[in-house]
file target.txt (compact mmCIF, C-alpha atoms)
# COMPACT_ATOMS: atom_id res chain seq x y z
CA MET W 1 -19.58 78.69 102.83
CA PRO W 2 -16.09 80.17 103.02
CA ALA W 3 -15.14 82.78 100.43
CA ASN W 4 -11.65 83.21 99.04
CA LYS W 5 -9.91 86.57 98.81
CA ASN W 6 -10.72 87.14 95.13
CA ALA W 7 -14.40 86.44 95.73
CA LEU W 8 -14.47 88.90 98.63
CA ILE W 9 -12.87 91.55 96.41
CA ARG W 10 -15.63 90.97 93.84
CA TYR W 11 -18.41 91.13 96.46
CA LYS W 12 -17.06 94.40 97.84
CA THR W 13 -16.69 95.86 94.31
CA ILE W 14 -20.25 94.90 93.37
CA ASP W 15 -21.45 96.40 96.66
CA ASN W 16 -19.67 99.68 95.92
CA CYS W 17 -21.20 99.79 92.45
CA LEU W 18 -24.76 99.08 93.52
CA ARG W 19 -24.60 101.77 96.20
CA LYS W 20 -23.87 104.38 93.51
CA ARG W 21 -27.48 104.91 92.45
CA TYR W 22 -26.66 107.84 90.19
CA ARG W 23 -25.35 105.35 87.63
CA ARG W 24 -27.06 102.45 85.91
CA TRP W 25 -25.12 99.20 86.27
CA THR W 26 -25.47 96.49 83.66
CA LEU W 27 -24.07 92.99 84.16
CA HIS W 28 -21.16 93.84 81.84
CA ASP W 29 -20.46 97.02 83.84
CA LEU W 30 -20.10 94.90 86.98
CA VAL W 31 -17.83 92.48 85.12
CA ASP W 32 -15.57 95.36 84.06
CA ALA W 33 -15.53 96.88 87.57
CA CYS W 34 -14.59 93.56 89.18
CA SER W 35 -11.93 92.87 86.55
CA ASP W 36 -10.36 96.29 87.20
CA ALA W 37 -10.43 95.75 90.97
CA LEU W 38 -8.75 92.35 90.73
CA TYR W 39 -6.05 93.77 88.48
CA ASP W 40 -5.41 96.74 90.76
CA MET W 41 -5.35 94.74 94.00
CA GLU W 42 -4.03 91.32 92.96
CA GLY W 43 -2.42 91.83 89.55
CA ILE W 44 -4.89 89.43 87.90
CA ALA W 45 -5.02 90.44 84.25
CA ASN W 46 -7.38 87.82 82.75
CA GLY W 47 -10.51 89.41 84.24
CA VAL W 48 -13.67 87.58 85.27
CA SER W 49 -16.48 86.00 83.30
CA VAL W 50 -20.14 86.96 83.12
CA ARG W 51 -21.07 83.62 84.72
CA THR W 52 -18.77 84.38 87.69
CA ILE W 53 -20.51 87.71 88.36
CA GLN W 54 -23.94 86.07 87.94
CA ASN W 55 -22.97 83.52 90.58
CA ASP W 56 -21.65 86.30 92.81
CA LEU W 57 -24.97 88.12 92.61
CA GLN W 58 -26.79 84.91 93.58
CA VAL W 59 -24.49 84.39 96.56
CA MET W 60 -24.95 87.98 97.70
CA ARG W 61 -28.74 87.65 97.43
CA SER W 62 -28.71 84.42 99.45
CA ASP W 63 -28.03 83.66 103.09
CA LYS W 64 -24.91 81.60 102.30
CA LEU W 65 -22.65 84.36 103.60
CA GLY W 66 -25.35 86.10 105.60
CA TYR W 67 -25.64 89.00 103.13
CA ASN W 68 -29.29 88.62 101.99
CA ALA W 69 -28.55 91.58 99.73
CA PRO W 70 -31.72 93.22 98.26
CA ILE W 71 -30.41 93.17 94.68
CA GLU W 72 -33.06 93.86 92.06
CA VAL W 73 -33.12 94.12 88.25
CA TYR W 74 -35.03 97.02 86.75
CA ASP W 75 -35.84 97.84 83.15
CA HIS W 76 -34.88 94.19 82.46
CA LYS W 77 -31.23 95.23 82.31
CA TYR W 78 -29.85 97.22 85.24
CA TYR W 79 -28.90 96.18 88.79
CA ARG W 80 -29.30 98.11 92.06
CA TYR W 81 -30.18 97.71 95.74
CA SER W 82 -33.89 98.09 96.42
CA ASP W 83 -32.89 99.52 99.78
CA PRO W 84 -30.73 102.62 99.11
CA ASP W 85 -29.16 102.39 102.60
CA TYR W 86 -28.06 98.77 102.28
CA SER W 87 -24.41 97.70 102.14
CA ILE W 88 -22.75 94.39 102.91
CA MET W 89 -20.22 96.45 104.91
CA ASN W 90 -22.96 97.54 107.33
CA MET W 91 -23.89 94.02 108.35
CA PRO W 92 -23.78 93.41 112.11
CA MET W 93 -21.37 90.71 113.18
CA SER W 94 -22.79 87.40 114.33
CA GLU W 95 -22.08 86.06 117.81
CA ASN W 96 -19.63 83.57 116.34
CA GLU W 97 -17.83 86.29 114.36
CA MET W 98 -17.56 88.51 117.42
CA SER W 99 -16.18 85.62 119.46
CA MET W 100 -13.55 84.85 116.82
CA LEU W 101 -12.61 88.52 116.50
CA GLN W 102 -12.31 88.90 120.28
CA GLU W 103 -10.04 85.87 120.43
CA ALA W 104 -7.90 87.32 117.62
CA VAL W 105 -7.65 90.68 119.43
CA ASP W 106 -6.56 88.98 122.64
CA MET W 107 -3.89 87.06 120.76
CA LEU W 108 -2.65 90.23 119.04
CA GLN W 109 -2.40 92.02 122.38
CA GLN W 110 0.20 89.47 123.46
CA LEU W 111 2.49 90.89 120.74
CA GLU W 112 2.29 94.53 121.83
CA ALA W 113 5.37 94.10 124.02
CA PHE W 114 7.53 93.70 120.89
CA ASP W 115 8.73 96.84 119.09
CA ASP W 116 8.33 95.17 115.70
CA PHE W 117 4.59 94.91 116.37
CA ALA W 118 4.14 98.37 117.91
CA GLU W 119 2.22 99.60 114.86
CA MET W 120 -0.44 97.02 115.65
CA THR W 121 -1.56 99.02 118.70
CA ASP W 122 -3.73 101.28 116.56
CA VAL W 123 -5.16 98.30 114.66
CA ILE W 124 -5.98 96.53 117.91
CA GLY W 125 -7.65 99.67 119.25
CA ARG W 126 -9.84 99.97 116.16
CA LEU W 127 -10.79 96.29 116.36
CA GLN W 128 -11.75 96.71 120.01
CA GLU W 129 -13.87 99.73 119.11
CA LYS W 130 -15.56 97.71 116.37
CA LEU W 131 -16.33 95.00 118.88
CA ALA W 132 -17.72 97.50 121.38
CA VAL W 133 -20.04 98.99 118.76
CA SER W 134 -21.15 95.58 117.52
CA ARG W 135 -21.93 94.34 121.00
CA HIS W 136 -24.24 97.32 121.73
CA GLY W 137 -23.18 97.41 125.34
CA ARG W 138 -23.66 93.69 125.92
CA LYS W 139 -21.66 92.24 128.80
CA PRO W 140 -18.62 90.09 127.87
CA VAL W 141 -19.35 86.43 127.26
CA ILE W 142 -15.70 85.38 126.76
CA ASN W 143 -12.83 85.89 129.18
CA PHE W 144 -9.22 85.04 128.35
CA ASP W 145 -6.32 84.60 130.75
CA ASN W 146 -4.52 87.90 131.15
CA VAL W 147 -1.57 88.58 133.45
CA PRO W 148 -0.57 92.17 132.57
CA ASP W 149 1.77 92.63 135.56
CA LEU W 150 3.62 89.36 135.08
CA LYS W 151 7.23 89.84 136.11
CA GLY W 152 9.68 89.60 133.23
CA LEU W 153 7.41 90.87 130.44
CA LYS W 154 9.57 93.97 130.02
CA LEU W 155 12.41 91.69 128.92
CA LEU W 156 10.43 90.27 126.00
CA ASN W 157 11.29 92.93 123.46
CA PRO W 158 15.00 93.29 124.35
CA LEU W 159 15.47 89.51 124.25
CA TYR W 160 13.54 89.32 120.98
CA GLN W 161 15.90 91.89 119.44
CA TYR W 162 18.99 90.10 120.79
CA ILE W 163 17.81 86.83 119.22
CA LEU W 164 17.25 88.53 115.86
CA ARG W 165 20.73 90.06 115.96
CA LYS W 166 22.32 86.81 117.21
CA GLN W 167 23.84 88.57 120.18
CA THR W 168 25.56 86.59 122.93
CA LEU W 169 24.20 87.55 126.35
CA ARG W 170 25.49 87.85 129.90
CA ILE W 171 22.55 86.99 132.16
CA MET W 172 22.30 87.12 135.93
CA TYR W 173 19.78 84.42 136.82
CA GLN W 174 18.35 83.39 140.18
CA SER W 175 16.21 80.27 140.31
CA PHE W 176 13.61 79.80 143.04
CA LYS W 177 16.00 77.48 144.91
CA ALA W 178 19.09 79.70 144.70
CA ARG W 179 20.00 82.19 147.42
CA GLU W 180 22.05 84.36 145.06
CA PRO W 181 21.94 85.01 141.31
CA ARG W 182 24.58 83.41 139.10
CA GLU W 183 26.06 84.45 135.78
CA VAL W 184 25.16 82.60 132.60
CA ILE W 185 26.79 83.32 129.23
CA LEU W 186 24.06 82.35 126.78
CA TYR W 187 23.56 82.14 123.02
CA PRO W 188 19.80 82.95 122.79
CA TYR W 189 17.65 81.09 120.24
CA LEU W 190 13.96 81.19 121.15
CA LEU W 191 11.27 82.76 123.34
CA LYS W 192 8.45 80.42 124.36
CA GLU W 193 5.29 80.97 126.39
CA PHE W 194 3.75 78.28 128.57
CA ARG W 195 0.89 78.81 131.02
CA ASN W 196 1.33 82.59 131.16
CA ARG W 197 5.09 82.34 131.79
CA TRP W 198 7.76 83.17 129.24
CA PHE W 199 10.99 81.21 128.83
CA LEU W 200 14.23 81.94 126.99
CA PHE W 201 15.91 78.99 125.30
CA GLY W 202 19.59 79.11 124.45
CA SER W 203 22.91 77.31 124.72
CA GLN W 204 25.53 77.87 127.38
CA GLU W 205 28.97 79.01 126.43
CA GLY W 206 31.45 76.17 125.95
CA ASN W 207 29.58 72.89 125.80
CA LEU W 208 26.41 74.29 124.13
CA ALA W 209 24.24 72.73 126.86
CA LEU W 210 20.64 73.82 126.32
CA TYR W 211 19.11 76.08 128.94
CA ASN W 212 15.58 77.36 129.41
CA LEU W 213 15.43 80.40 131.67
CA ALA W 214 12.18 81.75 133.07
CA LEU W 215 12.02 85.48 132.34
CA ASP W 216 10.59 86.22 135.78
CA ARG W 217 13.81 84.85 137.34
CA ILE W 218 16.20 86.91 135.21
CA VAL W 219 17.80 89.60 137.37
CA SER W 220 19.66 91.38 134.59
CA VAL W 221 20.68 90.89 130.96
CA GLU W 222 23.25 92.66 128.79
CA PRO W 223 25.16 92.01 125.56
CA CYS W 224 28.37 90.03 125.89
CA LYS W 225 30.17 91.48 122.88
CA GLU W 226 33.50 89.78 123.58
CA LYS W 227 31.92 86.34 123.04
CA PRO W 228 30.99 85.52 119.42
CA PHE W 229 27.54 84.02 118.92
CA ARG W 230 27.26 80.28 118.22
CA ASP W 231 24.33 78.35 116.78
CA ASN W 232 23.40 74.93 118.13
CA PRO W 233 22.68 72.61 115.17
CA ALA W 234 21.05 70.10 117.54
CA PHE W 235 18.31 72.58 118.50
CA ASP W 236 15.53 72.92 115.94
CA PRO W 237 12.76 75.19 117.30
CA TYR W 238 10.33 73.86 114.68
CA THR W 239 10.44 70.28 115.97
CA PHE W 240 12.04 70.44 119.43
CA PHE W 241 8.70 70.67 121.27
CA ASP W 242 6.81 68.08 119.24
CA ASP W 243 7.28 65.35 121.84
CA VAL W 244 7.07 67.34 125.06
CA ILE W 245 4.44 68.82 127.36
CA GLY W 246 5.60 72.21 128.59
CA VAL W 247 9.19 73.43 128.33
CA SER W 248 11.39 71.02 130.30
CA LYS W 249 13.49 69.06 127.81
CA ASN W 250 17.16 68.61 127.05
CA ILE W 251 18.76 67.87 123.69
CA GLY W 252 18.94 64.12 123.34
CA ASN W 253 15.96 63.31 125.57
CA LYS W 254 13.94 60.49 124.03
CA PRO W 255 10.17 60.25 124.27
CA LYS W 256 8.58 57.26 125.96
CA ASN W 257 5.19 55.61 125.61
CA ILE W 258 3.00 56.60 128.56
CA ARG W 259 -0.03 54.38 128.99
CA PHE W 260 -2.78 55.56 131.32
CA TRP W 261 -6.31 54.75 132.46
CA ALA W 262 -9.05 57.38 132.66
CA SER W 263 -12.30 57.08 134.58
CA ALA W 264 -15.65 57.17 132.81
CA GLU W 265 -16.11 60.71 134.09
CA GLN W 266 -12.79 61.92 132.63
CA CYS W 267 -12.72 59.71 129.55
CA GLN W 268 -14.93 61.85 127.32
CA TYR W 269 -13.15 65.04 128.33
CA ILE W 270 -9.70 63.61 127.64
CA ALA W 271 -10.87 62.11 124.35
CA THR W 272 -12.03 65.53 123.09
CA LYS W 273 -9.18 67.51 124.67
CA PRO W 274 -6.08 65.31 124.36
CA ILE W 275 -3.28 65.63 126.86
CA HIS W 276 -0.83 65.58 123.93
CA HIS W 277 -1.27 65.49 120.16
CA SER W 278 0.22 61.96 120.09
CA GLN W 279 -2.64 60.63 122.24
CA GLN W 280 -4.30 57.42 121.04
CA LEU W 281 -7.26 55.51 122.42
CA ILE W 282 -6.22 51.93 123.18
CA LYS W 283 -9.21 50.42 124.90
CA ARG W 284 -12.74 51.35 125.94
CA ASN W 285 -13.97 49.39 128.97
CA GLU W 286 -17.51 48.26 129.74
CA ASP W 287 -17.78 50.61 132.73
CA GLY W 288 -17.11 53.62 130.48
CA SER W 289 -13.47 54.05 131.48
CA CYS W 290 -10.75 54.11 128.81
CA GLU W 291 -7.07 53.45 128.31
CA PHE W 292 -4.93 55.85 126.29
CA LYS W 293 -1.29 56.28 125.40
CA ILE W 294 0.88 59.24 124.56
CA LYS W 295 4.51 59.41 123.46
CA VAL W 296 6.34 62.23 125.21
CA VAL W 297 9.51 63.11 127.08
CA ILE W 298 8.85 62.53 130.78
CA ASN W 299 9.18 65.81 132.69
CA TYR W 300 7.72 67.81 135.56
CA GLU W 301 5.00 69.38 133.41
CA MET W 302 3.75 65.96 132.30
CA TYR W 303 3.40 64.81 135.91
CA SER W 304 1.66 68.07 136.81
CA VAL W 305 -0.94 67.48 134.11
CA PHE W 306 -1.65 63.95 135.32
CA MET W 307 -1.84 65.06 138.95
CA SER W 308 -4.37 67.75 138.03
CA TYR W 309 -6.91 65.00 137.24
CA GLY W 310 -6.66 63.53 140.75
CA PRO W 311 -8.26 60.07 140.97
CA GLY W 312 -9.64 60.40 137.44
CA ILE W 313 -6.37 59.22 135.88
CA LYS W 314 -3.91 56.46 136.66
CA ILE W 315 -0.62 55.89 134.83
CA ILE W 316 -0.21 52.22 133.92
CA SER W 317 3.29 52.27 132.43
CA PRO W 318 6.24 52.73 132.44
CA ASN W 319 6.98 51.57 135.98
CA SER W 320 9.20 54.57 136.73
CA ALA W 321 6.31 56.95 136.07
CA VAL W 322 3.92 54.77 138.10
CA LEU W 323 6.31 54.81 141.07
CA PHE W 324 6.83 58.59 140.83
CA MET W 325 3.08 59.26 140.84
CA LYS W 326 2.51 56.78 143.67
CA ASN W 327 5.13 58.41 145.90
CA LYS W 328 3.92 61.95 145.22
CA LEU W 329 0.25 61.09 145.83
CA GLN W 330 1.09 59.15 148.98
CA ALA W 331 3.06 62.12 150.29
CA ALA W 332 0.12 64.41 149.56
CA ALA W 333 -2.31 62.05 151.30
CA GLU W 334 -0.02 61.80 154.35
CA MET W 335 0.20 65.58 154.54
CA TYR W 336 -3.58 65.86 154.76
CA THR W 337 -3.73 63.01 157.28
CA ARG W 338 -1.19 64.74 159.52
CA THR W 339 -3.07 68.00 159.28
CA TYR W 340 -6.65 66.83 159.68
CA GLY W 341 -6.36 63.27 161.00
CA THR W 342 -9.14 60.92 159.99
CA THR W 343 -12.00 63.22 161.00
CA ALA W 344 -14.34 64.09 158.18
CA ILE W 345 -14.18 67.73 157.11
CA GLU W 346 -17.54 69.45 156.89

call {"tool": "encode", "arguments": {"input": "target.txt", "output": "structure tokens"}}
result
Amino acid sequence: MPANKNALIRYKTIDNCLRKRYRRWTLHDLVDACSDALYDMEGIANGVSVRTIQNDLQVMRSDKLGYNAPIEVYDHKYYRYSDPDYSIMNMPMSENEMSMLQEAVDMLQQLEAFDDFAEMTDVIGRLQEKLAVSRHGRKPVINFDNVPDLKGLKLLNPLYQYILRKQTLRIMYQSFKAREPREVILYPYLLKEFRNRWFLFGSQEGNLALYNLALDRIVSVEPCKEKPFRDNPAFDPYTFFDDVIGVSKNIGNKPKNIRFWASAEQCQYIATKPIHHSQQLIKRNEDGSCEFKIKVVINYEMYSVFMSYGPGIKIISPNSAVLFMKNKLQAAAEMYTRTYGTTAIE
């Protein structure tokens, strides 16, 4: 049973009242206290009704939110906790709550590289301490990908600030294939993370051709103040990645329907964890295998995903994608044949 913010404010106010045992709390006293709290915190001036507080007391007594609060009525009029040490704020977190909080902390830690989020360091530390106390020394049961020494992370905050200020950049960039770095004059628009790598999206000076530069391949970056910044109206960061897997896409690329077969072993997994949000089930075969389709821009990342399933997936159309996969898989098979021959490997 989810509770909205106003309800949580009321629960916490009632909890604070009932813990103050030196005072007798009538139902109308609780109504007034909750009305004052909602006005102070949310600016709600119309107060709350007696029925609302009666329902709140029932919810707090029940297991709907896990409170099971020991609220009792004495002298047929006054409310208090039968256990003087009880508080809804002292409740231990459930396993599910700890898992969700740990996931949130790990996500927040990704933002610590940005100056604008530096104040979150203390919040993150307190959340981690709360988790440690709640777990009572229990070993971790969740582990998230973490690459703290990933090259290029130190550029995140400077690039973030340049994007905010709409500052044209002079970047020395060396791809994996290049022997020497080359200069790129770039109008930066967006930072994007994909598989623990960060990429900078922006347009090149002159023709506004869209670039995505891996931060770990950037040799140096500095403001290019003599070149005024230019927006690219064809690049919309809100929708640009809707039809792509990964980061490889140029302005004007059109998505294509990719139809593929999945084995019975992979079918259930792919059905519950789609390759792309556009995925649709087309056909379920008698042997348990399935046919799906997605609509995406064909790029290297898409092929990488399909190759990761090995023989569990086969692209059916378009023919260009079928031929690409066939050639790559044949080359891989030939490499193993040349290395090991036809002898079985123990």

call {"tool": "atom_distance", "arguments": {"input": "target.txt", "atom1": "atom CA of Ile298 of chain W", "atom2": "atom CA of Pro188 of chain W"}}
result
24.5 Å

call {"tool": "closest_residue", "arguments": {"input": "target.txt", "among": "W:Leu30, W:Ile218, W:Val322, W:Cys224", "to": "Ile185 of chain W", "atoms": "only C-alpha atoms"}}
result
W:Cys224

call {"tool": "residues_around", "arguments": {"input": "target.txt", "residues": "segment 160-177 of chain W", "least_positions_apart": "5", "cutoff": "12 Å", "atoms": "only C-alpha atoms", "output": "PyMOL selection string"}}
result
chain W and resi 111+113-117+152-155+182-192+198-205+211-232

call {"tool": "closest_residue", "arguments": {"input": "target.txt", "among": "W:Gln279, W:Asn285, W:Asn257, W:Asn4", "to": "Ser320 of chain W", "atoms": "only C-alpha atoms"}}
result
W:Asn257

call {"tool": "residues_near_point", "arguments": {"input": "target.txt", "point": "(-18.1, 94.7, 86.7)", "cutoff": "10 Å", "atoms": "all atoms listed in the file", "output": "MDAnalysis selection string"}}
result
chainID W and resid 10 13:14 17 25:37 47:50 53

call {"tool": "atom_distance", "arguments": {"input": "target.txt", "atom1": "atom CA of Met335 of chain W", "atom2": "atom CA of Ser308 of chain W"}}
result
17.3 Å

call {"tool": "closest_residue", "arguments": {"input": "target.txt", "among": "W:Lys12, W:Ala332, W:Val59, W:Asn253", "to": "Ser87 of chain W", "atoms": "all atoms listed in the file"}}
result
W:Lys12

call {"tool": "residues_around", "arguments": {"input": "target.txt", "residues": "Gly312 of chain W", "least_positions_apart": "2", "cutoff": "12 Å", "atoms": "all atoms listed in the file", "output": "mmCIF file with C-alpha atoms, keeping the file's coordinate frame"}}
result
data_model
loop_
_atom_site.group_PDB
_atom_site.id
_atom_site.type_symbol
_atom_site.label_atom_id
_atom_site.label_comp_id
_atom_site.auth_asym_id
_atom_site.auth_seq_id
_atom_site.Cartn_x
_atom_site.Cartn_y
_atom_site.Cartn_z
ATOM 1 C CA PHE W 260 -2.780 55.560 131.320
ATOM 2 C CA TRP W 261 -6.310 54.750 132.460
ATOM 3 C CA ALA W 262 -9.050 57.380 132.660
ATOM 4 C CA SER W 263 -12.300 57.080 134.580
ATOM 5 C CA ALA W 264 -15.650 57.170 132.810
ATOM 6 C CA GLU W 265 -16.110 60.710 134.090
ATOM 7 C CA GLN W 266 -12.790 61.920 132.630
ATOM 8 C CA CYS W 267 -12.720 59.710 129.550
ATOM 9 C CA GLN W 268 -14.930 61.850 127.320
ATOM 10 C CA TYR W 269 -13.150 65.040 128.330
ATOM 11 C CA ILE W 270 -9.700 63.610 127.640
ATOM 12 C CA SER W 289 -13.470 54.050 131.480
ATOM 13 C CA CYS W 290 -10.750 54.110 128.810
ATOM 14 C CA GLU W 291 -7.070 53.450 128.310
ATOM 15 C CA VAL W 305 -0.940 67.480 134.110
ATOM 16 C CA PHE W 306 -1.650 63.950 135.320
ATOM 17 C CA MET W 307 -1.840 65.060 138.950
ATOM 18 C CA SER W 308 -4.370 67.750 138.030
ATOM 19 C CA TYR W 309 -6.910 65.000 137.240
ATOM 20 C CA GLY W 310 -6.660 63.530 140.750
ATOM 21 C CA LYS W 314 -3.910 56.460 136.660
ATOM 22 C CA ILE W 315 -0.620 55.890 134.830
#

call {"tool": "atom_distance", "arguments": {"input": "target.txt", "atom1": "atom CA of Leu18 of chain W", "atom2": "atom CA of Leu57 of chain W"}}
result
11.0 Å

call {"tool": "closest_residue", "arguments": {"input": "target.txt", "among": "W:Asp56, W:Glu42, W:Met302, W:Lys64", "to": "Ser248 of chain W", "atoms": "only C-alpha atoms"}}
result
W:Met302

call {"tool": "closest_residue", "arguments": {"input": "target.txt", "among": "W:Gly66, W:Pro181, W:Pro311, W:Pro274", "to": "Ile294 of chain W", "atoms": "all atoms listed in the file"}}
result
W:Pro274

call {"tool": "build_atoms", "arguments": {"input": "target.txt", "residues": "segment 221-247 of chain W", "atoms": "N, CA and C atoms", "output": "PDB file, in the coordinates of the input"}}
result
ATOM      1  N   VAL W 221      20.190  91.434 132.221  1.00  0.00           N
ATOM      2  CA  VAL W 221      20.680  90.890 130.960  1.00  0.00           C
ATOM      3  C   VAL W 221      21.376  92.012 130.190  1.00  0.00           C
ATOM      4  N   GLU W 222      22.518  91.685 129.583  1.00  0.00           N
ATOM      5  CA  GLU W 222      23.250  92.660 128.790  1.00  0.00           C
ATOM      6  C   GLU W 222      24.027  91.942 127.711  1.00  0.00           C
ATOM      7  N   PRO W 223      24.365  92.640 126.626  1.00  0.00           N
ATOM      8  CA  PRO W 223      25.160  92.010 125.560  1.00  0.00           C
ATOM      9  C   PRO W 223      26.532  91.616 126.067  1.00  0.00           C
ATOM     10  N   CYS W 224      27.011  90.493 125.578  1.00  0.00           N
ATOM     11  CA  CYS W 224      28.370  90.030 125.890  1.00  0.00           C
ATOM     12  C   CYS W 224      29.149  90.066 124.571  1.00  0.00           C
ATOM     13  N   LYS W 225      29.614  91.244 124.208  1.00  0.00           N
ATOM     14  CA  LYS W 225      30.170  91.480 122.880  1.00  0.00           C
ATOM     15  C   LYS W 225      31.510  90.778 122.653  1.00  0.00           C
ATOM     16  N   GLU W 226      32.201  90.436 123.743  1.00  0.00           N
ATOM     17  CA  GLU W 226      33.500  89.780 123.580  1.00  0.00           C
ATOM     18  C   GLU W 226      33.376  88.302 123.256  1.00  0.00           C
ATOM     19  N   LYS W 227      32.133  87.762 123.335  1.00  0.00           N
ATOM     20  CA  LYS W 227      31.920  86.340 123.040  1.00  0.00           C
ATOM     21  C   LYS W 227      31.126  86.213 121.741  1.00  0.00           C
ATOM     22  N   PRO W 228      31.727  85.672 120.678  1.00  0.00           N
ATOM     23  CA  PRO W 228      30.990  85.520 119.420  1.00  0.00           C
ATOM     24  C   PRO W 228      29.835  84.546 119.564  1.00  0.00           C
ATOM     25  N   PHE W 229      28.746  84.849 118.857  1.00  0.00           N
ATOM     26  CA  PHE W 229      27.540  84.020 118.920  1.00  0.00           C
ATOM     27  C   PHE W 229      27.776  82.662 118.253  1.00  0.00           C
ATOM     28  N   ARG W 230      27.156  81.618 118.814  1.00  0.00           N
ATOM     29  CA  ARG W 230      27.260  80.280 118.220  1.00  0.00           C
ATOM     30  C   ARG W 230      25.857  79.663 118.109  1.00  0.00           C
ATOM     31  N   ASP W 231      25.569  79.115 116.962  1.00  0.00           N
ATOM     32  CA  ASP W 231      24.330  78.350 116.780  1.00  0.00           C
ATOM     33  C   ASP W 231      24.514  76.952 117.365  1.00  0.00           C
ATOM     34  N   ASN W 232      23.388  76.320 117.683  1.00  0.00           N
ATOM     35  CA  ASN W 232      23.400  74.930 118.130  1.00  0.00           C
ATOM     36  C   ASN W 232      22.654  74.101 117.098  1.00  0.00           C
ATOM     37  N   PRO W 233      23.357  73.370 116.241  1.00  0.00           N
ATOM     38  CA  PRO W 233      22.680  72.610 115.170  1.00  0.00           C
ATOM     39  C   PRO W 233      21.755  71.530 115.703  1.00  0.00           C
ATOM     40  N   ALA W 234      21.904  71.150 116.971  1.00  0.00           N
ATOM     41  CA  ALA W 234      21.050  70.100 117.540  1.00  0.00           C
ATOM     42  C   ALA W 234      19.709  70.645 118.012  1.00  0.00           C
ATOM     43  N   PHE W 235      19.570  71.976 118.047  1.00  0.00           N
ATOM     44  CA  PHE W 235      18.310  72.580 118.500  1.00  0.00           C
ATOM     45  C   PHE W 235      17.537  73.125 117.313  1.00  0.00           C
ATOM     46  N   ASP W 236      16.405  72.483 117.026  1.00  0.00           N
ATOM     47  CA  ASP W 236      15.530  72.920 115.940  1.00  0.00           C
ATOM     48  C   ASP W 236      14.208  73.384 116.561  1.00  0.00           C
ATOM     49  N   PRO W 237      13.966  74.694 116.631  1.00  0.00           N
ATOM     50  CA  PRO W 237      12.760  75.190 117.300  1.00  0.00           C
ATOM     51  C   PRO W 237      11.460  74.733 116.638  1.00  0.00           C
ATOM     52  N   TYR W 238      11.531  74.301 115.372  1.00  0.00           N
ATOM     53  CA  TYR W 238      10.330  73.860 114.680  1.00  0.00           C
ATOM     54  C   TYR W 238       9.863  72.484 115.164  1.00  0.00           C
ATOM     55  N   THR W 239      10.792  71.653 115.609  1.00  0.00           N
ATOM     56  CA  THR W 239      10.440  70.280 115.970  1.00  0.00           C
ATOM     57  C   THR W 239      10.770  69.926 117.411  1.00  0.00           C
ATOM     58  N   PHE W 240      11.533  70.788 118.101  1.00  0.00           N
ATOM     59  CA  PHE W 240      12.040  70.440 119.430  1.00  0.00           C
ATOM     60  C   PHE W 240      10.918  70.138 120.415  1.00  0.00           C
ATOM     61  N   PHE W 241       9.778  70.811 120.297  1.00  0.00           N
ATOM     62  CA  PHE W 241       8.700  70.670 121.270  1.00  0.00           C
ATOM     63  C   PHE W 241       7.605  69.701 120.832  1.00  0.00           C
ATOM     64  N   ASP W 242       7.834  68.991 119.744  1.00  0.00           N
ATOM     65  CA  ASP W 242       6.810  68.080 119.240  1.00  0.00           C
ATOM     66  C   ASP W 242       6.488  66.956 120.210  1.00  0.00           C
ATOM     67  N   ASP W 243       7.477  66.516 120.986  1.00  0.00           N
ATOM     68  CA  ASP W 243       7.280  65.350 121.840  1.00  0.00           C
ATOM     69  C   ASP W 243       7.377  65.699 123.317  1.00  0.00           C
ATOM     70  N   VAL W 244       6.957  66.913 123.665  1.00  0.00           N
ATOM     71  CA  VAL W 244       7.070  67.340 125.060  1.00  0.00           C
ATOM     72  C   VAL W 244       5.836  68.121 125.481  1.00  0.00           C
ATOM     73  N   ILE W 245       5.469  67.984 126.749  1.00  0.00           N
ATOM     74  CA  ILE W 245       4.440  68.820 127.360  1.00  0.00           C
ATOM     75  C   ILE W 245       5.158  69.885 128.165  1.00  0.00           C
ATOM     76  N   GLY W 246       4.936  71.151 127.855  1.00  0.00           N
ATOM     77  CA  GLY W 246       5.600  72.210 128.590  1.00  0.00           C
ATOM     78  C   GLY W 246       6.917  72.609 127.962  1.00  0.00           C
ATOM     79  N   VAL W 247       7.928  72.881 128.809  1.00  0.00           N
ATOM     80  CA  VAL W 247       9.190  73.430 128.330  1.00  0.00           C
ATOM     81  C   VAL W 247      10.416  72.665 128.808  1.00  0.00           C
TER      82      VAL W 247
END
